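Asker: Have a look at this one.
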Amino acid sequence: MSAALIGDGERAGSAAVAATAALAARVGRVRGRMEELGVDVLLLSHGADLPWLTGYRAMPLERLTLLVLPVSGDPVLVVPGLEAPRVADANGLFDLLPWSDAEDPIDLVVNLVGQSSAARLALSDRAWATTAFALQRRLPAAEWVEASRVTSPLRAIKDDHEVAALRAAGAAADRVADVLQSGGIPMIGRTEAEVSARIGSMLISEGHSNVNFAIVGSGPNAASPHHEPGERVIGREETVVCDFGGTLSLDGGPGYCSDITRTVVTGTPTAEVAQCYAVLREAQHAAVAAAVAGVTAESVDRVARDVIDSADYGHLFVHRTGHGIGIEEHEDPYLVVGNETVLVPGHAFSVEPGIYQPGRFGMRLEDIVVIGADGQPESLNNADHGLVVVDV
């Protein structure tokens, strides 16, 4: 065997060990939180909690997949037999209990829960309603709470393994943004859908396993923050909002998300567009700088909003300043008025103010930011923050 292959094998093995250690640490944190909340058993089905805690992302099938995690004792992953081969080696983190189509998986879950004498059960927020109703009928004496009460505050604070994954995803998205801003993705005379498809293919070529979204809004469509790219042909001297991201995995696990927005203009910007963008850039930079440990999530939103308000564009900033990011594109913490969550090292979130002139033009500038161990914000996106002219 060549030295190169040995090196690759050693790196893969080391990554697997690190991933397993990270998962084990999360299980420990979850159990501590369960004790605080008086939760006897955590039941995780579809959604991001399951891969975050096990490394396994279940297909959204009608067949039941459910992790039964008691506050003490062995966790068990109840999984359809035909899906069992997709579950990676658990490395002792949980037992695998496959079930056949001739069995009722609710029976298996009830037996596992009954053995733990559970009284308070936390069920996945994303579980199918049929699963929730079936469990409630079979366990009528149980008290039910949302699993997010246990998991969301923990998932919001990323460990070193997760930060490394987010950093890699952000760097990959930056490389696509660099090509976009350099004119490597022709725009003028092409449809929004064509440009979106090109951005998506580049995300894959830069290491993403899938594309979560690739918004391209041109001209008046740029004033719609979540515009669906369509057949509109991009013209000259228009703003074009490009907001894109996907999922990238460093270790073969479920992967972590990228999310970046850059606004370009297909020709010399008007004085109005240039003025709006100068305000937007100031607001975005001020909000990033304000996102330090010890401040509240809503205070970061207020910093961005104050800059835009002071320029009389406040009524054109129609959404929150940011959202948390991790295994999911949107998760806690949200940078929005009313969210008094105190930011701490490990929190990762977007900072993305926007200004939208209905029927005319729009613009948004977004980076992913993580609060470092020193309490300071680290931007995971470093593509040009200027209003770049793309005349191709």
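Lettering and numbering for the structure tokens are positional, with chains as A, B, ... in the shown order, residues counted from 1 in each chain, and ligands counted from 1 in the shown order.
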With DSSP run on the backbone, what are the strand (DSSP E or B) residues within segment 71-129 of chain A? I'd like them as a PyMOL selection string.
Answerer: chain A and resi 76-80+95-99+120-123
Asker: Could you save the residues just selected, with C-alpha atoms, as an mmCIF file, in the first residue's frame?
Answerer:
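Saved result, again-v9.cif, follows:
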data_model
loop_
_atom_site.group_PDB
_atom_site.id
_atom_site.type_symbol
_atom_site.label_atom_id
_atom_site.label_comp_id
_atom_site.auth_asym_id
_atom_site.auth_seq_id
_atom_site.Cartn_x
_atom_site.Cartn_y
_atom_site.Cartn_z
ATOM 1 C CA VAL A 76 -31.669 2.541 21.142
ATOM 2 C CA LEU A 77 -32.270 3.533 17.540
ATOM 3 C CA VAL A 78 -35.472 1.931 16.262
ATOM 4 C CA VAL A 79 -35.124 1.818 12.486
ATOM 5 C CA PRO A 80 -36.876 0.109 9.543
ATOM 6 C CA ASP A 95 -27.938 0.014 20.041
ATOM 7 C CA LEU A 96 -29.674 -0.638 16.744
ATOM 8 C CA LEU A 97 -33.145 -2.203 16.760
ATOM 9 C CA PRO A 98 -34.340 -2.917 13.185
ATOM 10 C CA TRP A 99 -38.017 -3.728 12.657
ATOM 11 C CA ARG A 120 -42.071 12.926 31.074
ATOM 12 C CA LEU A 121 -41.248 12.359 27.416
ATOM 13 C CA ALA A 122 -39.712 14.811 24.929
ATOM 14 C CA LEU A 123 -40.698 14.071 21.329
#
Asker: Residues near Thr270 of chain A, anyone? I mean within 12 Å using only C-alpha atoms, not counting same-chain ones fewer than 5 positions away, as a count of residues only.
Answerer: 11
Asker: With a distance cut-off of 10 Å and only C-alpha atoms, select the neighbouring residues of Val71 of chain A, excluding the residue or stretch itself and same-chain residues fewer than 5 positions from it, and output the selection as a compact mmCIF listing (two decimals) with N, CA and C atoms, in the first residue's frame.
Answerer:
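Result went into result15.txt, see below:
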# COMPACT_ATOMS: atom_id res chain seq x y z
N VAL A 27 -24.19 13.64 23.61
CA VAL A 27 -25.11 12.81 24.39
C VAL A 27 -25.00 13.16 25.87
N GLY A 28 -23.79 13.37 26.35
CA GLY A 28 -23.60 13.75 27.74
C GLY A 28 -24.25 15.08 28.07
N VAL A 30 -26.77 16.45 26.46
CA VAL A 30 -28.21 16.27 26.36
C VAL A 30 -28.76 15.65 27.65
N ARG A 31 -28.08 14.67 28.17
CA ARG A 31 -28.56 14.02 29.40
C ARG A 31 -28.53 14.99 30.59
N GLY A 32 -27.51 15.84 30.61
CA GLY A 32 -27.49 16.86 31.66
C GLY A 32 -28.67 17.80 31.56
N ARG A 33 -29.01 18.19 30.33
CA ARG A 33 -30.16 19.07 30.11
C ARG A 33 -31.47 18.35 30.46
N MET A 34 -31.56 17.06 30.13
CA MET A 34 -32.75 16.28 30.48
C MET A 34 -32.95 16.26 32.00
N GLU A 35 -31.88 16.11 32.72
CA GLU A 35 -31.99 16.10 34.18
C GLU A 35 -32.50 17.45 34.68
N GLY A 38 -36.19 17.63 33.96
CA GLY A 38 -37.01 16.53 34.45
C GLY A 38 -37.55 15.65 33.34
N VAL A 39 -36.84 15.54 32.23
CA VAL A 39 -37.25 14.70 31.11
C VAL A 39 -36.66 13.31 31.30
N ASP A 40 -37.52 12.31 31.24
CA ASP A 40 -37.08 10.93 31.47
C ASP A 40 -36.54 10.27 30.21
N VAL A 41 -37.19 10.55 29.06
CA VAL A 41 -36.77 9.93 27.80
C VAL A 41 -36.91 10.96 26.69
N LEU A 42 -35.89 11.01 25.84
CA LEU A 42 -35.91 11.85 24.65
C LEU A 42 -36.17 10.95 23.45
N SER A 116 -38.16 2.07 31.11
CA SER A 116 -37.48 3.15 31.81
C SER A 116 -38.39 3.84 32.81
N ALA A 118 -40.85 5.84 32.37
CA ALA A 118 -40.86 7.26 32.03
C ALA A 118 -42.17 7.91 32.40
Asker: Could you check which of A:Ala25, A:Leu37, A:Ala102, A:Leu335 is closest to Arg63 of chain A, using only C-alpha atoms?
Answerer: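 Smallest distance to Arg63 of chain A is found for A:Ala102.
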